[in-house]
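As provided, coords03.cif (mmCIF, C-alpha atoms and all ligand atoms) reads as follows.
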data_model
loop_
_atom_site.label_atom_id
_atom_site.label_comp_id
_atom_site.auth_asym_id
_atom_site.auth_seq_id
_atom_site.Cartn_x
_atom_site.Cartn_y
_atom_site.Cartn_z
CA MET A 1 78.67 107.06 126.38
CA MET A 2 79.51 106.97 122.66
CA LYS A 3 82.47 109.24 121.79
CA VAL A 4 81.99 111.11 118.51
CA TYR A 5 84.70 111.93 115.95
CA ALA A 6 84.27 113.65 112.59
CA VAL A 7 85.85 114.84 109.37
CA LEU A 8 84.88 118.31 108.15
CA GLY A 9 85.28 119.54 104.58
CA ASP A 10 83.49 120.77 101.48
CA PRO A 11 82.91 118.63 99.44
CA ILE A 12 82.97 115.69 101.86
CA SER A 13 80.82 112.88 100.45
CA HIS A 14 83.91 111.21 98.85
CA SER A 15 85.74 110.88 102.20
CA LYS A 16 87.04 107.43 103.11
CA SER A 17 87.72 108.51 106.71
CA PRO A 18 84.37 107.38 108.26
CA ALA A 19 84.78 103.84 106.87
CA MET A 20 88.43 103.72 107.95
CA HIS A 21 87.94 104.98 111.51
CA ASN A 22 84.69 103.14 112.19
CA ALA A 23 86.40 99.91 111.12
CA ALA A 24 89.25 100.67 113.55
CA PHE A 25 86.89 101.47 116.45
CA GLY A 26 84.91 98.31 115.68
CA ALA A 27 88.02 96.10 115.57
CA LEU A 28 89.16 97.37 118.98
CA GLY A 29 85.63 97.25 120.46
CA MET A 30 85.74 100.96 121.33
CA PRO A 31 82.46 102.82 121.99
CA CYS A 32 83.21 105.47 119.36
CA THR A 33 81.64 106.63 116.10
CA TYR A 34 83.00 108.76 113.23
CA HIS A 35 80.95 110.88 110.81
CA ALA A 36 81.49 113.26 107.87
CA PHE A 37 80.09 116.81 107.93
CA ARG A 38 80.00 119.34 105.10
CA VAL A 39 81.30 122.60 106.59
CA ARG A 40 81.98 125.81 104.69
CA PRO A 41 85.05 127.93 105.59
CA SER A 42 82.80 130.68 107.01
CA ASP A 43 81.36 128.16 109.51
CA LEU A 44 84.65 126.53 110.50
CA LYS A 45 85.18 128.41 113.76
CA ASP A 46 81.67 127.58 115.01
CA ALA A 47 82.07 123.95 113.92
CA ILE A 48 85.37 123.49 115.81
CA TYR A 49 84.17 125.24 118.98
CA GLY A 50 80.80 123.48 118.72
CA ALA A 51 82.47 120.05 118.48
CA LYS A 52 84.59 120.88 121.52
CA ALA A 53 81.49 122.03 123.46
CA LEU A 54 79.61 118.86 122.51
CA GLY A 55 82.41 116.67 123.84
CA PHE A 56 83.65 115.29 120.50
CA GLY A 57 86.82 113.21 120.76
CA GLY A 58 88.54 114.89 117.81
CA LEU A 59 88.25 116.14 114.22
CA ASN A 60 89.90 115.66 110.88
CA LEU A 61 89.86 118.49 108.36
CA THR A 62 90.11 118.32 104.61
CA ILE A 63 89.88 120.71 101.64
CA PRO A 64 89.26 123.68 101.91
CA LEU A 65 89.60 124.00 105.70
CA LYS A 66 93.14 122.89 106.56
CA GLU A 67 94.82 126.30 106.33
CA ASP A 68 92.00 128.39 107.89
CA ALA A 69 91.93 126.09 110.92
CA LEU A 70 95.28 127.48 112.12
CA LYS A 71 93.37 130.55 113.37
CA TYR A 72 91.32 128.49 115.81
CA VAL A 73 93.75 125.91 117.20
CA GLU A 74 97.05 125.70 119.07
CA PRO A 75 99.20 124.06 116.34
CA ASP A 76 102.16 121.77 117.07
CA PRO A 77 105.52 123.08 115.75
CA ILE A 78 105.42 121.16 112.44
CA ALA A 79 101.77 121.97 111.66
CA ALA A 80 102.47 125.65 112.40
CA ARG A 81 105.31 125.69 109.89
CA ILE A 82 103.46 123.64 107.27
CA GLY A 83 100.62 126.16 107.66
CA ALA A 84 97.88 123.53 107.62
CA VAL A 85 96.09 121.31 110.12
CA ASN A 86 94.33 118.03 109.28
CA THR A 87 93.78 116.75 112.83
CA ILE A 88 92.33 118.49 115.89
CA ASP A 89 92.48 117.02 119.37
CA PHE A 90 90.34 118.24 122.29
CA ALA A 91 92.10 116.41 125.13
CA ASP A 92 94.04 119.49 126.27
CA GLY A 93 92.48 122.66 124.84
CA ILE A 94 92.17 122.65 121.03
CA THR A 95 95.41 121.41 119.50
CA GLY A 96 96.16 121.15 115.78
CA HIS A 97 98.37 118.61 114.01
CA ASN A 98 99.28 117.71 110.46
CA THR A 99 99.59 113.94 110.03
CA ASP A 100 100.01 113.87 106.22
CA GLY A 101 103.83 113.95 106.35
CA ILE A 102 104.06 111.36 109.13
CA GLY A 103 101.54 109.21 107.24
CA ALA A 104 103.77 109.33 104.16
CA MET A 105 106.82 108.46 106.25
CA HIS A 106 105.12 105.47 107.88
CA ALA A 107 103.93 104.27 104.45
CA LEU A 108 107.57 104.11 103.31
CA GLU A 109 108.72 102.53 106.57
CA ASP A 110 106.13 99.76 106.08
CA ALA A 111 107.96 98.92 102.85
CA GLY A 112 111.31 98.85 104.67
CA VAL A 113 112.37 102.28 103.39
CA PRO A 114 113.64 104.71 106.06
CA VAL A 115 113.75 108.44 105.37
CA ALA A 116 116.71 109.54 107.53
CA GLY A 117 119.91 110.06 105.58
CA ARG A 118 118.22 109.42 102.21
CA ASN A 119 118.09 111.59 99.08
CA ILE A 120 114.43 112.25 98.35
CA LEU A 121 113.09 113.65 95.09
CA ILE A 122 109.58 115.03 95.55
CA ILE A 123 107.59 115.92 92.43
CA GLY A 124 104.99 118.58 93.25
CA ALA A 125 104.84 121.67 95.43
CA GLY A 126 101.17 121.74 96.48
CA GLY A 127 99.62 121.01 99.88
CA ALA A 128 100.63 117.34 100.09
CA ALA A 129 104.19 117.97 98.88
CA ARG A 130 104.49 120.72 101.48
CA ALA A 131 103.55 118.43 104.38
CA ILE A 132 105.88 115.69 103.09
CA ALA A 133 108.83 118.04 102.51
CA PHE A 134 108.60 119.51 106.02
CA GLN A 135 108.24 116.13 107.73
CA PHE A 136 110.90 114.31 105.68
CA GLY A 137 113.37 117.19 106.10
CA TYR A 138 112.62 117.23 109.82
CA SER A 139 113.21 113.48 109.97
CA GLY A 140 116.68 113.74 108.40
CA GLY A 141 116.09 113.35 104.65
CA ASP A 142 117.78 115.55 102.04
CA ILE A 143 115.16 116.92 99.68
CA VAL A 144 114.89 117.99 96.06
CA ILE A 145 111.53 119.53 95.12
CA ALA A 146 110.64 119.39 91.40
CA ASN A 147 107.58 121.27 90.17
CA ARG A 148 105.98 122.29 86.88
CA THR A 149 105.78 125.87 88.17
CA LYS A 150 109.41 126.25 89.26
CA GLU A 151 108.73 129.42 91.32
CA ARG A 152 106.34 127.43 93.51
CA ALA A 153 109.07 124.84 94.15
CA ASP A 154 111.51 127.67 94.98
CA ARG A 155 109.03 129.16 97.45
CA LEU A 156 108.38 125.80 99.12
CA ALA A 157 112.12 125.07 99.41
CA ARG A 158 112.64 128.49 101.03
CA ASP A 159 109.77 127.90 103.47
CA VAL A 160 111.01 124.42 104.43
CA ARG A 161 114.60 125.62 104.89
CA GLY A 162 113.47 128.57 107.05
CA GLY A 163 110.89 126.60 109.06
CA LEU A 164 113.20 123.68 109.81
CA SER A 165 116.14 125.88 110.78
CA GLU A 166 113.86 127.42 113.46
CA LEU A 167 113.51 123.86 114.78
CA GLY A 168 117.27 123.32 114.71
CA LYS A 169 117.25 121.14 111.54
CA THR A 170 119.37 121.96 108.49
CA PRO A 171 118.79 119.33 105.78
CA SER A 172 119.71 120.09 102.19
CA ILE A 173 116.60 121.42 100.38
CA GLU A 174 116.84 122.16 96.65
CA SER A 175 114.26 123.20 94.06
CA ILE A 176 114.19 122.38 90.34
CA GLY A 177 111.86 122.44 87.34
CA LEU A 178 110.50 119.20 85.90
CA GLY A 179 113.13 119.33 83.11
CA ALA A 180 115.94 118.68 85.62
CA ILE A 181 114.42 115.41 86.91
CA PRO A 182 116.54 113.11 84.66
CA GLU A 183 119.72 114.59 86.11
CA LYS A 184 118.56 114.55 89.77
CA ILE A 185 116.91 111.13 89.82
CA ALA A 186 120.30 109.42 89.46
CA ASP A 187 121.21 110.50 93.02
CA ALA A 188 117.77 109.81 94.53
CA ASP A 189 117.03 106.93 96.92
CA ILE A 190 113.32 107.78 97.08
CA LEU A 191 111.07 109.26 94.38
CA ILE A 192 107.68 110.63 95.43
CA ASN A 193 104.91 111.70 93.09
CA ALA A 194 103.00 114.34 95.08
CA THR A 195 101.13 115.73 92.07
CA SER A 196 97.78 114.60 90.67
CA ILE A 197 99.48 113.23 87.52
CA GLY A 198 98.19 109.70 86.85
CA MET A 199 95.02 110.16 88.88
CA HIS A 200 91.71 108.87 87.52
CA PRO A 201 90.55 109.54 84.79
CA ASN A 202 94.02 110.44 83.39
CA ILE A 203 95.47 107.04 84.24
CA ASP A 204 97.81 106.94 81.21
CA ALA A 205 99.78 109.92 82.49
CA THR A 206 103.01 109.53 84.46
CA PRO A 207 105.36 112.14 85.92
CA VAL A 208 108.58 110.21 85.12
CA PRO A 209 109.42 108.17 81.99
CA ALA A 210 109.93 104.45 82.73
CA GLY A 211 113.49 104.66 81.40
CA LEU A 212 114.53 106.71 84.44
CA LEU A 213 113.32 104.09 86.96
CA ARG A 214 115.70 101.45 88.29
CA PRO A 215 116.20 98.76 90.93
CA GLY A 216 117.30 100.23 94.25
CA LEU A 217 114.98 103.24 93.88
CA ALA A 218 111.90 103.41 96.14
CA VAL A 219 108.97 104.86 94.19
CA PHE A 220 106.05 106.21 96.19
CA ASP A 221 102.98 107.55 94.39
CA ILE A 222 100.62 109.39 96.75
CA VAL A 223 97.83 109.18 94.15
CA TYR A 224 95.51 106.41 95.39
CA ASN A 225 92.91 106.26 92.61
CA PRO A 226 93.86 104.05 90.83
CA ARG A 227 95.63 102.09 93.53
CA ARG A 228 98.41 101.09 91.10
CA THR A 229 99.19 104.08 88.93
CA ARG A 230 101.14 103.86 85.69
CA LEU A 231 104.19 105.17 87.58
CA LEU A 232 103.96 102.32 90.11
CA LEU A 233 103.33 99.66 87.47
CA GLU A 234 106.37 100.78 85.47
CA ALA A 235 108.51 101.12 88.61
CA GLU A 236 107.60 97.57 89.61
CA GLN A 237 108.54 96.30 86.12
CA LYS A 238 111.92 98.02 86.50
CA GLY A 239 112.57 96.29 89.83
CA ALA A 240 112.07 99.35 92.05
CA THR A 241 110.45 99.11 95.49
CA ILE A 242 106.93 100.54 95.23
CA VAL A 243 104.65 102.16 97.79
CA GLU A 244 100.97 102.84 97.13
CA GLY A 245 99.22 106.10 98.03
CA VAL A 246 96.54 104.21 99.91
CA ARG A 247 99.18 103.43 102.59
CA MET A 248 99.65 107.18 103.20
CA LEU A 249 95.90 107.75 103.35
CA VAL A 250 95.62 105.06 106.01
CA HIS A 251 98.70 106.08 107.99
CA GLN A 252 97.68 109.75 108.21
CA GLY A 253 94.40 108.49 109.67
CA ALA A 254 96.20 106.01 111.92
CA GLU A 255 98.37 108.81 113.32
CA ALA A 256 95.23 110.87 114.08
CA PHE A 257 93.71 107.81 115.76
CA LEU A 258 96.81 107.48 117.96
CA ILE A 259 96.73 111.19 118.90
CA TRP A 260 93.05 111.00 119.90
CA THR A 261 92.90 107.64 121.64
CA GLY A 262 96.48 106.74 122.65
CA ARG A 263 95.69 103.24 121.27
CA GLU A 264 97.78 101.43 118.66
CA PRO A 265 95.72 101.75 115.44
CA PRO A 266 94.79 98.51 113.64
CA VAL A 267 96.41 99.56 110.36
CA ASP A 268 95.56 96.40 108.40
CA VAL A 269 91.86 96.72 109.28
CA MET A 270 91.98 100.36 108.18
CA VAL A 271 93.65 99.46 104.85
CA GLU A 272 90.97 96.83 104.18
CA ALA A 273 88.18 99.34 104.90
CA VAL A 274 89.67 101.97 102.58
CA VAL A 275 90.32 99.49 99.78
CA ARG A 276 86.71 98.28 100.07
CA GLU A 277 85.50 101.90 99.77
CA LEU A 278 87.73 102.57 96.76
CA ARG A 279 86.20 99.60 94.95
P1 LIG B 1 97.55 120.69 95.02
O1 LIG B 1 97.86 121.46 96.25
O2 LIG B 1 96.49 121.18 94.11
O3 LIG B 1 98.94 120.56 94.16
C1 LIG B 1 98.93 119.94 92.92
C2 LIG B 1 100.37 119.69 92.45
O4 LIG B 1 100.33 118.91 91.26
C3 LIG B 1 101.14 120.97 92.10
O5 LIG B 1 102.49 120.79 92.39
C4 LIG B 1 100.90 121.06 90.57
O6 LIG B 1 101.91 121.78 89.90
C5 LIG B 1 101.00 119.60 90.20
N1 LIG B 1 100.31 119.27 88.94
C6 LIG B 1 98.97 119.12 88.74
N2 LIG B 1 98.72 118.78 87.46
C7 LIG B 1 99.94 118.69 86.84
C8 LIG B 1 100.35 118.38 85.50
N3 LIG B 1 99.47 118.07 84.56
N4 LIG B 1 101.68 118.39 85.24
C9 LIG B 1 102.59 118.70 86.19
N5 LIG B 1 102.26 119.01 87.48
C10 LIG B 1 100.96 119.01 87.78
O7 LIG B 1 97.17 119.18 95.38
P2 LIG B 1 97.57 118.32 96.67
O8 LIG B 1 96.56 118.51 97.72
O9 LIG B 1 99.01 118.56 96.98
O10 LIG B 1 97.34 116.81 96.11
C11 LIG B 1 98.15 116.25 95.08
C12 LIG B 1 97.73 114.81 94.82
O11 LIG B 1 97.98 114.04 95.98
C13 LIG B 1 96.25 114.61 94.51
O12 LIG B 1 96.14 113.63 93.53
C14 LIG B 1 95.66 114.08 95.82
O13 LIG B 1 94.54 113.23 95.61
C15 LIG B 1 96.83 113.29 96.37
N6 LIG B 1 96.86 113.18 97.83
C16 LIG B 1 96.97 111.94 98.37
C17 LIG B 1 97.03 111.81 99.74
C18 LIG B 1 97.15 110.43 100.35
O14 LIG B 1 96.90 110.29 101.55
N7 LIG B 1 97.53 109.42 99.60
C19 LIG B 1 96.97 112.94 100.57
C20 LIG B 1 96.87 114.19 99.98
C21 LIG B 1 96.82 114.30 98.60
P3 LIG B 1 101.80 123.39 89.69
O15 LIG B 1 102.25 124.01 91.00
O16 LIG B 1 102.72 123.69 88.58
O17 LIG B 1 100.36 123.70 89.38
#

Just give me the structure as structure tokens.
Amino acid sequence: MMKVYAVLGDPISHSKSPAMHNAAFGALGMPCTYHAFRVRPSDLKDAIYGAKALGFGGLNLTIPLKEDALKYVEPDPIAARIGAVNTIDFADGITGHNTDGIGAMHALEDAGVPVAGRNILIIGAGGAARAIAFQFGYSGGDIVIANRTKERADRLARDVRGGLSELGKTPSIESIGLGAIPEKIADADILINATSIGMHPNIDATPVPAGLLRPGLAVFDIVYNPRRTRLLLEAEQKGATIVEGVRMLVHQGAEAFLIWTGREPPVDVMVEAVVRELR
């Protein structure tokens, strides 16, 4: 019988997940299908329990459901501390995971950039930055969080420090305002834009002046529309290693695929499907 998977969110029509996962199921010849459903927060509990009752294989969650979902699932230790779930598995109860941080880490690893032991400057302190900071700190990176609203960076740094120490990890986690980036970037091995700066239609915007970019720095922009942001174009010109946001989008999905199916995800097929959708 066909196994059903789904992404829930509101809005949801923009989601690239159905194309990405259906391409993966097709490539591996698996009898599975993946759909998008618009679900409001007030219906989330019924939707999760209903999917479990109907024998769905698993769910992805997107805005605005990721935080609320914690009430209805058994989260893994990282998702519990991030405070958000983007993947639900029904194999053993209803378990919740957050694959955004792992997806970001695998995107960098694809480009030959490991996270452990590296100095990582993350710009942004929203939902995506939160998942990345927790995962990268957990995986042995030392983190500086830079945000326009400095208090939000301070709060995130405090949360990450506290959450990771409960898991026996004590990386260095610092918070700064955007004005301190020029000073901190000199020590960074990896720069991550985890804000919406540079996203369509504001494609002329960039979070870091080109003059601060250099060879030897890995520059990862999680914005994926456009695929090559101004930050990435300028980083490439300066001889930095660049990583596109589309790789994170695919790898967070690939990690969910692995959790649900135990099969090695066909990442290249998934990238092709997402790129086709973005066009
Ligand atoms: P969010 O929770 O709303 O956070 C937005 C962040 O961007 C905040 O840190 C905010 O700073 C900062 N920001 C926004 N406009 C800014 C500006 N003009 N100048 C300086 N800082 C600004 O959003 P999110 O969910 O973390 O998503 C952030 C971006 O990542 C979006 O573009 C999203 O599409 C992308 N994303 C990509 C992936 C992927 O798989 N590639 C996954 C998730 C998200 P303040 O705190 O000061 O407001």

>> For a quick check of understanding, using only C-alpha atoms, which of A:Phe37, A:Phe136, A:Tyr224, A:Phe25 has the smallest distance to A:Arg263?
In response: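 Smallest distance to A:Arg263 is found for A:Phe25.
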
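A distance cut-off of 6 Å from ligand LIG 1 (chain B), applied to all atoms listed in the file, picks out the residues A:Gly124, A:Ala125, A:Gly126, A:Gly127, A:Ala128, A:Ala129, A:Asn147, A:Arg148, A:Thr149, A:Arg152, A:Ala194, A:Thr195, A:Ser196, A:Ile197, A:Met199, A:Ile222, A:Val223, A:Tyr224, A:Gly245, A:Val246, A:Met248, A:Leu249.
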
>> Would you pick out the contacts of A:Ala107 at 6 Å or less, using all atoms listed in the file, so that residues sharing its chain but fewer than 3 positions from it are not included, and give the list as an MDAnalysis selection string?
In response: chainID A and resid 104 110 247:248

> Got a sec: who's within 8 Å of A:Pro266, counting all atoms listed in the file, leaving out chain neighbours fewer than 6 positions off, as a ChimeraX atom specification?
Replying inline: /A:24,27-28,254

> From the list A:Met270, A:Ala80, A:Ala36, A:Ala240, which residue is nearest A:Asn60 when using all atoms listed in the file?
Replying inline: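 Looking at the shortest contact to A:Asn60, the residue is A:Ala36.
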
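In this model, the gap between atom CA of A:Thr206 and atom CA of A:Arg118 comes to 23.4 Å.
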